[in-house]
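S.K.: Dropping in entry06.pdb, which is PDB, C-alpha atoms and all ligand atoms:
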ATOM      1  CA  MET E 220     -10.777  35.711  -2.498  1.00  0.00           C
ATOM      2  CA  PRO E 221      -7.933  36.381  -0.083  1.00  0.00           C
ATOM      3  CA  ARG E 222      -6.879  40.013  -0.118  1.00  0.00           C
ATOM      4  CA  ILE E 223      -3.391  40.934  -1.242  1.00  0.00           C
ATOM      5  CA  ALA E 224      -1.577  43.604   0.761  1.00  0.00           C
ATOM      6  CA  SER E 225      -0.334  46.779  -0.921  1.00  0.00           C
ATOM      7  CA  PRO E 226       3.371  46.709  -1.766  1.00  0.00           C
ATOM      8  CA  PRO E 227       5.906  47.868   0.857  1.00  0.00           C
ATOM      9  CA  THR E 228       7.770  51.165   0.508  1.00  0.00           C
ATOM     10  CA  VAL E 229      11.155  52.072   1.951  1.00  0.00           C
ATOM     11  CA  LEU E 230      10.874  55.208   4.094  1.00  0.00           C
ATOM     12  CA  ARG E 231      14.482  55.804   5.173  1.00  0.00           C
ATOM     13  CA  GLU E 232      17.618  54.187   6.456  1.00  0.00           C
ATOM     14  CA  LEU E 233      17.869  53.461  10.202  1.00  0.00           C
ATOM     15  CA  ASP E 234      20.706  52.905  12.634  1.00  0.00           C
ATOM     16  CA  GLY E 235      20.887  49.207  13.470  1.00  0.00           C
ATOM     17  CA  PRO E 236      23.215  46.331  14.297  1.00  0.00           C
ATOM     18  CA  ASP E 237      26.280  46.053  12.073  1.00  0.00           C
ATOM     19  CA  THR E 238      26.376  42.272  11.770  1.00  0.00           C
ATOM     20  CA  CYS E 239      23.807  39.840  10.409  1.00  0.00           C
ATOM     21  CA  ASP E 240      21.826  37.914  13.073  1.00  0.00           C
ATOM     22  CA  MET E 241      21.888  34.752  11.027  1.00  0.00           C
ATOM     23  CA  CYS E 242      25.374  34.518   9.456  1.00  0.00           C
ATOM     24  CA  GLY E 243      27.447  37.160  11.263  1.00  0.00           C
ATOM     25  CA  THR E 244      28.455  38.975   8.051  1.00  0.00           C
ATOM     26  CA  PRO E 245      29.271  42.655   8.762  1.00  0.00           C
ATOM     27  CA  GLY E 246      27.790  45.573   6.812  1.00  0.00           C
ATOM     28  CA  LEU E 247      24.161  44.826   7.696  1.00  0.00           C
ATOM     29  CA  LYS E 248      21.796  47.547   6.454  1.00  0.00           C
ATOM     30  CA  THR E 249      18.581  48.473   8.297  1.00  0.00           C
ATOM     31  CA  GLU E 250      15.759  50.373   6.616  1.00  0.00           C
ATOM     32  CA  LEU E 251      12.408  51.591   7.936  1.00  0.00           C
ATOM     33  CA  VAL E 252       9.800  50.101   5.617  1.00  0.00           C
ATOM     34  CA  ARG E 253       6.071  50.895   5.441  1.00  0.00           C
ATOM     35  CA  ASP E 254       4.765  47.361   5.152  1.00  0.00           C
ATOM     36  CA  PRO E 255       1.018  46.792   4.769  1.00  0.00           C
ATOM     37  CA  PHE E 256      -0.213  43.339   5.797  1.00  0.00           C
ATOM     38  CA  ILE E 257      -3.528  41.509   5.772  1.00  0.00           C
ATOM     39  CA  TYR E 258      -5.067  40.633   9.137  1.00  0.00           C
ATOM     40  CA  GLY E 259      -7.811  37.994   9.078  1.00  0.00           C
ATOM     41  CA  ALA E 260      -8.699  35.336   6.530  1.00  0.00           C
ATOM     42  CA  GLY E 261     -10.613  35.521   3.241  1.00  0.00           C
ATOM     43  CA  ASP E 262     -13.294  38.209   2.918  1.00  0.00           C
ATOM     44  CA  GLU E 263     -12.759  39.148   6.568  1.00  0.00           C
ATOM     45  CA  GLY E 264      -9.196  40.226   5.853  1.00  0.00           C
ATOM     46  CA  VAL E 265      -8.333  43.888   6.417  1.00  0.00           C
ATOM     47  CA  GLU E 266      -5.177  45.700   5.455  1.00  0.00           C
ATOM     48  CA  LEU E 267      -3.196  47.108   8.380  1.00  0.00           C
ATOM     49  CA  VAL E 268      -0.146  49.318   7.834  1.00  0.00           C
ATOM     50  CA  VAL E 269       2.994  49.294   9.975  1.00  0.00           C
ATOM     51  CA  ASP E 270       6.459  50.827   9.741  1.00  0.00           C
ATOM     52  CA  ILE E 271       8.984  48.113  10.544  1.00  0.00           C
ATOM     53  CA  PRO E 272      12.774  47.736  10.464  1.00  0.00           C
ATOM     54  CA  VAL E 273      13.927  45.494   7.613  1.00  0.00           C
ATOM     55  CA  ARG E 274      17.528  44.210   7.649  1.00  0.00           C
ATOM     56  CA  THR E 275      19.472  43.466   4.498  1.00  0.00           C
ATOM     57  CA  CYS E 276      22.513  41.188   4.612  1.00  0.00           C
ATOM     58  CA  SER E 277      24.823  40.895   1.592  1.00  0.00           C
ATOM     59  CA  SER E 278      24.764  37.127   1.985  1.00  0.00           C
ATOM     60  CA  CYS E 279      21.291  36.246   3.434  1.00  0.00           C
ATOM     61  CA  GLY E 280      19.192  38.924   1.719  1.00  0.00           C
ATOM     62  CA  SER E 281      16.383  40.877   3.423  1.00  0.00           C
ATOM     63  CA  TYR E 282      14.648  39.725   6.592  1.00  0.00           C
ATOM     64  CA  THR E 283      12.625  40.991   9.556  1.00  0.00           C
ATOM     65  CA  ASP E 284      13.068  39.988  13.193  1.00  0.00           C
ATOM     66  CA  ASP E 285      11.163  40.026  16.494  1.00  0.00           C
ATOM     67  CA  GLN E 286      11.018  43.814  16.481  1.00  0.00           C
ATOM     68  CA  ALA E 287       8.857  43.754  13.332  1.00  0.00           C
ATOM     69  CA  GLU E 288       6.666  40.979  14.779  1.00  0.00           C
ATOM     70  CA  ASP E 289       6.103  43.038  17.943  1.00  0.00           C
ATOM     71  CA  ILE E 290       5.110  46.104  15.889  1.00  0.00           C
ATOM     72  CA  ARG E 291       2.620  44.040  13.839  1.00  0.00           C
ATOM     73  CA  HIS E 292       1.179  42.484  17.009  1.00  0.00           C
ATOM     74  CA  ASP E 293       0.647  45.913  18.598  1.00  0.00           C
ATOM     75  CA  GLU E 294      -1.051  47.192  15.434  1.00  0.00           C
ATOM     76  CA  VAL E 295      -3.479  44.240  15.542  1.00  0.00           C
ATOM     77  CA  CYS E 296      -4.256  45.121  19.188  1.00  0.00           C
ATOM     78  CA  ARG E 297      -4.981  48.725  18.185  1.00  0.00           C
ATOM     79  CA  TYR E 298      -7.171  47.516  15.312  1.00  0.00           C
ATOM     80  CA  LEU E 299      -9.124  45.242  17.681  1.00  0.00           C
ATOM     81  CA  GLY E 300      -9.414  48.099  20.179  1.00  0.00           C
ATOM     82  CA  VAL E 301      -7.721  46.216  23.011  1.00  0.00           C
ATOM     83  CA  LEU E 302      -4.787  47.146  25.239  1.00  0.00           C
ATOM     84  CA  THR E 303      -1.340  46.496  23.796  1.00  0.00           C
ATOM     85  CA  PRO E 304       1.093  44.287  25.768  1.00  0.00           C
ATOM     86  CA  THR E 305       2.964  47.432  26.828  1.00  0.00           C
ATOM     87  CA  GLU E 306      -0.250  48.975  28.138  1.00  0.00           C
ATOM     88  CA  ILE E 307      -0.940  45.838  30.199  1.00  0.00           C
ATOM     89  CA  ARG E 308       2.572  46.051  31.671  1.00  0.00           C
ATOM     90  CA  ASP E 309       1.940  49.746  32.367  1.00  0.00           C
ATOM     91  CA  LEU E 310      -1.206  48.816  34.287  1.00  0.00           C
ATOM     92  CA  ARG E 311       0.820  46.488  36.530  1.00  0.00           C
ATOM     93  CA  ALA E 312       3.550  49.101  36.905  1.00  0.00           C
ATOM     94  CA  LYS E 313       0.963  51.735  37.905  1.00  0.00           C
ATOM     95  CA  TYR E 314       0.089  49.650  40.978  1.00  0.00           C
ATOM     96  CA  ASP E 315       3.583  48.150  41.379  1.00  0.00           C
ATOM     97  CA  LEU E 316       2.342  44.559  41.065  1.00  0.00           C
ATOM     98  CA  SER E 317       3.950  41.301  40.002  1.00  0.00           C
ATOM     99  CA  ARG E 318       1.968  39.114  37.611  1.00  0.00           C
ATOM    100  CA  ARG E 319       1.226  36.816  40.536  1.00  0.00           C
ATOM    101  CA  GLU E 320      -0.174  39.661  42.619  1.00  0.00           C
ATOM    102  CA  LEU E 321      -2.298  40.956  39.745  1.00  0.00           C
ATOM    103  CA  ALA E 322      -3.615  37.424  39.205  1.00  0.00           C
ATOM    104  CA  ARG E 323      -4.485  37.067  42.893  1.00  0.00           C
ATOM    105  CA  ILE E 324      -6.341  40.385  42.994  1.00  0.00           C
ATOM    106  CA  THR E 325      -8.245  39.972  39.710  1.00  0.00           C
ATOM    107  CA  GLY E 326      -8.804  36.236  39.472  1.00  0.00           C
ATOM    108  CA  LEU E 327      -7.200  36.336  36.020  1.00  0.00           C
ATOM    109  CA  GLY E 328      -4.735  33.523  35.264  1.00  0.00           C
ATOM    110  CA  GLU E 329      -1.101  34.362  35.938  1.00  0.00           C
ATOM    111  CA  SER E 330      -0.064  32.484  32.803  1.00  0.00           C
ATOM    112  CA  SER E 331      -2.694  34.318  30.739  1.00  0.00           C
ATOM    113  CA  ILE E 332      -1.318  37.662  31.915  1.00  0.00           C
ATOM    114  CA  ALA E 333       2.184  36.502  30.956  1.00  0.00           C
ATOM    115  CA  ARG E 334       1.011  35.400  27.501  1.00  0.00           C
ATOM    116  CA  TRP E 335      -0.744  38.737  26.873  1.00  0.00           C
ATOM    117  CA  GLU E 336       2.331  40.686  27.946  1.00  0.00           C
ATOM    118  CA  THR E 337       4.762  38.638  25.871  1.00  0.00           C
ATOM    119  CA  ARG E 338       2.612  38.903  22.716  1.00  0.00           C
ATOM    120  CA  ASP E 339       1.882  35.185  22.697  1.00  0.00           C
ATOM    121  CA  ILE E 340      -1.905  35.707  22.531  1.00  0.00           C
ATOM    122  CA  ILE E 341      -4.305  38.675  22.593  1.00  0.00           C
ATOM    123  CA  GLN E 342      -6.768  38.978  25.482  1.00  0.00           C
ATOM    124  CA  ASN E 343     -10.453  38.650  24.590  1.00  0.00           C
ATOM    125  CA  VAL E 344     -12.751  41.673  24.773  1.00  0.00           C
ATOM    126  CA  GLY E 345     -14.187  40.681  28.181  1.00  0.00           C
ATOM    127  CA  ASN E 346     -10.794  40.436  29.814  1.00  0.00           C
ATOM    128  CA  ASP E 347      -9.682  43.584  28.028  1.00  0.00           C
ATOM    129  CA  ARG E 348     -12.621  45.570  29.452  1.00  0.00           C
ATOM    130  CA  TYR E 349     -11.799  44.215  32.913  1.00  0.00           C
ATOM    131  CA  LEU E 350      -8.187  45.359  32.569  1.00  0.00           C
ATOM    132  CA  ARG E 351      -9.317  48.807  31.367  1.00  0.00           C
ATOM    133  CA  LEU E 352     -11.690  49.189  34.304  1.00  0.00           C
ATOM    134  CA  LEU E 353      -8.797  48.373  36.637  1.00  0.00           C
ATOM    135  CA  GLN E 354      -6.954  51.439  35.310  1.00  0.00           C
ATOM    136  CA  ASP E 355      -9.362  53.410  37.521  1.00  0.00           C
ATOM    137  CA  PRO E 356      -7.820  53.410  41.041  1.00  0.00           C
ATOM    138  CA  ALA E 357     -11.255  53.207  42.698  1.00  0.00           C
ATOM    139  CA  ILE E 358     -12.119  50.037  40.783  1.00  0.00           C
ATOM    140  CA  PHE E 359      -8.681  48.611  41.370  1.00  0.00           C
ATOM    141  CA  LEU E 360      -8.947  49.147  45.129  1.00  0.00           C
ATOM    142  CA  ARG E 361     -12.441  47.631  45.085  1.00  0.00           C
ATOM    143  CA  ALA E 362     -11.088  44.513  43.359  1.00  0.00           C
ATOM    144  CA  LYS E 363      -8.217  44.412  45.814  1.00  0.00           C
ATOM    145  CA  SER E 364     -10.598  44.536  48.765  1.00  0.00           C
ATOM    146  CA  LEU E 365     -12.719  41.740  47.267  1.00  0.00           C
ATOM    147  CA  ALA E 366      -9.589  39.596  47.059  1.00  0.00           C
ATOM    148  CA  SER E 367      -8.447  40.209  50.598  1.00  0.00           C
ATOM    149  CA  PRO E 368     -10.023  39.977  54.055  1.00  0.00           C
ATOM    150  CA  GLU E 369      -7.590  42.674  55.218  1.00  0.00           C
ATOM    151  CA  PRO E 370      -8.403  46.361  54.720  1.00  0.00           C
ATOM    152  CA  VAL E 371      -6.763  47.784  51.603  1.00  0.00           C
ATOM    153  CA  HIS E 372      -4.208  50.498  52.290  1.00  0.00           C
ATOM    154  CA  ALA E 373      -3.915  53.441  49.953  1.00  0.00           C
ATOM    155  CA  GLU E 374      -0.865  55.667  49.941  1.00  0.00           C
ATOM    156  CA  PRO E 375      -1.371  59.390  50.583  1.00  0.00           C
ATOM    157  CA  GLY E 376      -1.660  61.161  47.243  1.00  0.00           C
ATOM    158  CA  GLU E 377      -2.601  57.900  45.501  1.00  0.00           C
ATOM    159  CA  LEU E 378      -6.298  58.698  45.590  1.00  0.00           C
ATOM    160  CA  PRO E 379      -7.961  61.555  43.723  1.00  0.00           C
ATOM    161  CA  PRO E 380      -9.956  63.876  46.044  1.00  0.00           C
ATOM    162  CA  ASP E 381     -13.358  62.345  45.260  1.00  0.00           C
ATOM    163  CA  LEU E 382     -12.162  58.789  45.531  1.00  0.00           C
ATOM    164  CA  GLU E 383     -12.531  58.279  49.256  1.00  0.00           C
ATOM    165  CA  ALA E 384     -16.264  59.019  49.006  1.00  0.00           C
ATOM    166  CA  ARG E 385     -16.655  56.675  46.043  1.00  0.00           C
ATOM    167  CA  LEU E 386     -14.877  53.892  47.892  1.00  0.00           C
ATOM    168  CA  ARG E 387     -17.112  54.325  50.922  1.00  0.00           C
ATOM    169  CA  GLU E 388     -20.197  54.184  48.679  1.00  0.00           C
ATOM    170  CA  THR E 389     -19.121  50.862  47.205  1.00  0.00           C
ATOM    171  CA  GLY E 390     -18.460  49.449  50.670  1.00  0.00           C
ATOM    172  CA  THR E 391     -14.796  48.892  49.915  1.00  0.00           C
ATOM    173  CA  ASN E 392     -12.914  47.852  52.995  1.00  0.00           C
ATOM    174  CA  PHE E 393      -9.995  50.281  53.088  1.00  0.00           C
ATOM    175  CA  THR E 394      -7.879  52.496  55.279  1.00  0.00           C
ATOM    176  CA  LEU E 395      -5.724  55.426  54.250  1.00  0.00           C
ATOM    177  CA  GLN E 396      -2.066  55.331  55.099  1.00  0.00           C
ATOM    178  CA  PRO E 397      -1.262  58.092  57.578  1.00  0.00           C
ATOM    179  CA  VAL E 398       0.677  60.930  55.959  1.00  0.00           C
ATOM    180  CA  ALA E 399       4.276  60.797  57.167  1.00  0.00           C
ATOM    181  CA  ALA E 400       5.143  63.744  59.416  1.00  0.00           C
TER     182      ALA E 400
HETATM  183 ZN    ZN X   1      23.511  37.091   6.783  1.00  0.00          ZN
END
Rewrite the structure of this file - the entire thing - as structure tokens.
M.R.:
Amino acid sequence: MPRIASPPTVLRELDGPDTCDMCGTPGLKTELVRDPFIYGAGDEGVELVVDIPVRTCSSCGSYTDDQAEDIRHDEVCRYLGVLTPTEIRDLRAKYDLSRRELARITGLGESSIARWETRDIIQNVGNDRYLRLLQDPAIFLRAKSLASPEPVHAEPGELPPDLEARLRETGTNFTLQPVAA
């Protein structure tokens, strides 16, 4: 028996665009709605709860847009216990890397990284664990040194105090950037 989600409840009105996305009619209303949904099929289905913006147009009726889809996607990631797309972008930002550079260092596919970040697909648990491990600068620098014959350079202040010793233990090929005078 497929599960049926609990009914939605309107929480409050939100600021939003004035005109309808679909027909251009002004006077569009946006409300924050607590909207339970079923994730998974049949007996495996579980109810997840999200608060999403719902637009109401006097001519088209009520609808949700990409913003609601993104919120549902992120809730599924949290339910599965994997990084959200934003957290994957944050990982790249932490090391100031393009998708191409992250792909080169990790051996992950550049197009896979793009699809995870744009909410096209969710990374599997193995890849998710790999990404989480890379949040540790010591592991990231180790991966970087595996991917490159050149010594890895770390910026002053980038490494926690105990990290240099850990890197030496793992045989990571690295040099520290000299501190600017
Ligand atoms: Zn409309």
S.K.: Can you work out which one of E:Cys242, E:Ile223, E:Ile290, E:Ala312 has the shortest atom-to-atom distance to ligand ZN 1 (chain X), counting all atoms listed in the file?
M.R.: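 Of the candidates, the smallest distance to ligand ZN 1 (chain X) is held by E:Cys242.
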S.K.: Using Å and a single decimal, report how far atom CA of Asp289 of chain E sits from atom CA of Glu266 of chain E.
M.R.: 17.0 Å
S.K.: Find the residue from E:Glu320, E:Pro272, E:Cys239, E:Leu233 that sits nearest to Val252 of chain E; use only C-alpha atoms when measuring.
M.R.: E:Pro272
S.K.: Counting all atoms listed in the file, what residues are within 12 Å of ligand ZN 1 (chain X), given as a PyMOL selection string?
M.R.: chain E and resi 236-248+274-283
S.K.: Do you know which residues the PyMOL selection byres (((chain E and resi 264) around 12) and not hetatm) returns on this file, as a compact mmCIF listing (two decimals) with C-alpha atoms, in the coordinates of the input?
M.R.:
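As written to disk, selection-v1.txt reads:
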# COMPACT_ATOMS: atom_id res chain seq x y z
CA MET E 220 -10.78 35.71 -2.50
CA PRO E 221 -7.93 36.38 -0.08
CA ARG E 222 -6.88 40.01 -0.12
CA ILE E 223 -3.39 40.93 -1.24
CA ALA E 224 -1.58 43.60 0.76
CA PHE E 256 -0.21 43.34 5.80
CA ILE E 257 -3.53 41.51 5.77
CA TYR E 258 -5.07 40.63 9.14
CA GLY E 259 -7.81 37.99 9.08
CA ALA E 260 -8.70 35.34 6.53
CA GLY E 261 -10.61 35.52 3.24
CA ASP E 262 -13.29 38.21 2.92
CA GLU E 263 -12.76 39.15 6.57
CA VAL E 265 -8.33 43.89 6.42
CA GLU E 266 -5.18 45.70 5.46
CA LEU E 267 -3.20 47.11 8.38
CA VAL E 295 -3.48 44.24 15.54
S.K.: Quick one: residues within 10 Å of segment 335-351 of chain E, all atoms listed in the file counted, chain neighbours fewer than 6 positions away excluded, as a VMD selection string?
M.R.: chain E and resid 288 to 289 292 to 293 295 to 296 299 to 308 310 to 311 318 325 327 358 to 359
S.K.: Put those residues in a file: C-alpha atoms, as an mmCIF file, in the frame of the given file.
M.R.:
data_model
loop_
_atom_site.group_PDB
_atom_site.id
_atom_site.type_symbol
_atom_site.label_atom_id
_atom_site.label_comp_id
_atom_site.auth_asym_id
_atom_site.auth_seq_id
_atom_site.Cartn_x
_atom_site.Cartn_y
_atom_site.Cartn_z
ATOM 1 C CA GLU E 288 6.666 40.979 14.779
ATOM 2 C CA ASP E 289 6.103 43.038 17.943
ATOM 3 C CA HIS E 292 1.179 42.484 17.009
ATOM 4 C CA ASP E 293 0.647 45.913 18.598
ATOM 5 C CA VAL E 295 -3.479 44.240 15.542
ATOM 6 C CA CYS E 296 -4.256 45.121 19.188
ATOM 7 C CA LEU E 299 -9.124 45.242 17.681
ATOM 8 C CA GLY E 300 -9.414 48.099 20.179
ATOM 9 C CA VAL E 301 -7.721 46.216 23.011
ATOM 10 C CA LEU E 302 -4.787 47.146 25.239
ATOM 11 C CA THR E 303 -1.340 46.496 23.796
ATOM 12 C CA PRO E 304 1.093 44.287 25.768
ATOM 13 C CA THR E 305 2.964 47.432 26.828
ATOM 14 C CA GLU E 306 -0.250 48.975 28.138
ATOM 15 C CA ILE E 307 -0.940 45.838 30.199
ATOM 16 C CA ARG E 308 2.572 46.051 31.671
ATOM 17 C CA LEU E 310 -1.206 48.816 34.287
ATOM 18 C CA ARG E 311 0.820 46.488 36.530
ATOM 19 C CA ARG E 318 1.968 39.114 37.611
ATOM 20 C CA THR E 325 -8.245 39.972 39.710
ATOM 21 C CA LEU E 327 -7.200 36.336 36.020
ATOM 22 C CA ILE E 358 -12.119 50.037 40.783
ATOM 23 C CA PHE E 359 -8.681 48.611 41.370
#
S.K.: Hey, what comes out of the PyMOL selection byres (((chain E and resi 228) around 9) and not hetatm) on this file? Could you write it as a short mmCIF file (atom, residue, chain, number, x, y, z; two decimals) with C-alpha atoms, in the coordinates of the input?
M.R.:
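Output saved as selection.cif:
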data_model
loop_
_atom_site.label_atom_id
_atom_site.label_comp_id
_atom_site.auth_asym_id
_atom_site.auth_seq_id
_atom_site.Cartn_x
_atom_site.Cartn_y
_atom_site.Cartn_z
CA PRO E 226 3.37 46.71 -1.77
CA PRO E 227 5.91 47.87 0.86
CA VAL E 229 11.16 52.07 1.95
CA LEU E 230 10.87 55.21 4.09
CA LEU E 251 12.41 51.59 7.94
CA VAL E 252 9.80 50.10 5.62
CA ARG E 253 6.07 50.90 5.44
CA ASP E 254 4.76 47.36 5.15
#
S.K.: Ranking E:Thr389, E:Gly326, E:Val268, E:Arg319 by minimum distance to Arg297 of chain E and counting only C-alpha atoms, which one comes first?
M.R.: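 Going through E:Thr389, E:Gly326, E:Val268, E:Arg319 one by one, the smallest distance to Arg297 of chain E is for E:Val268.
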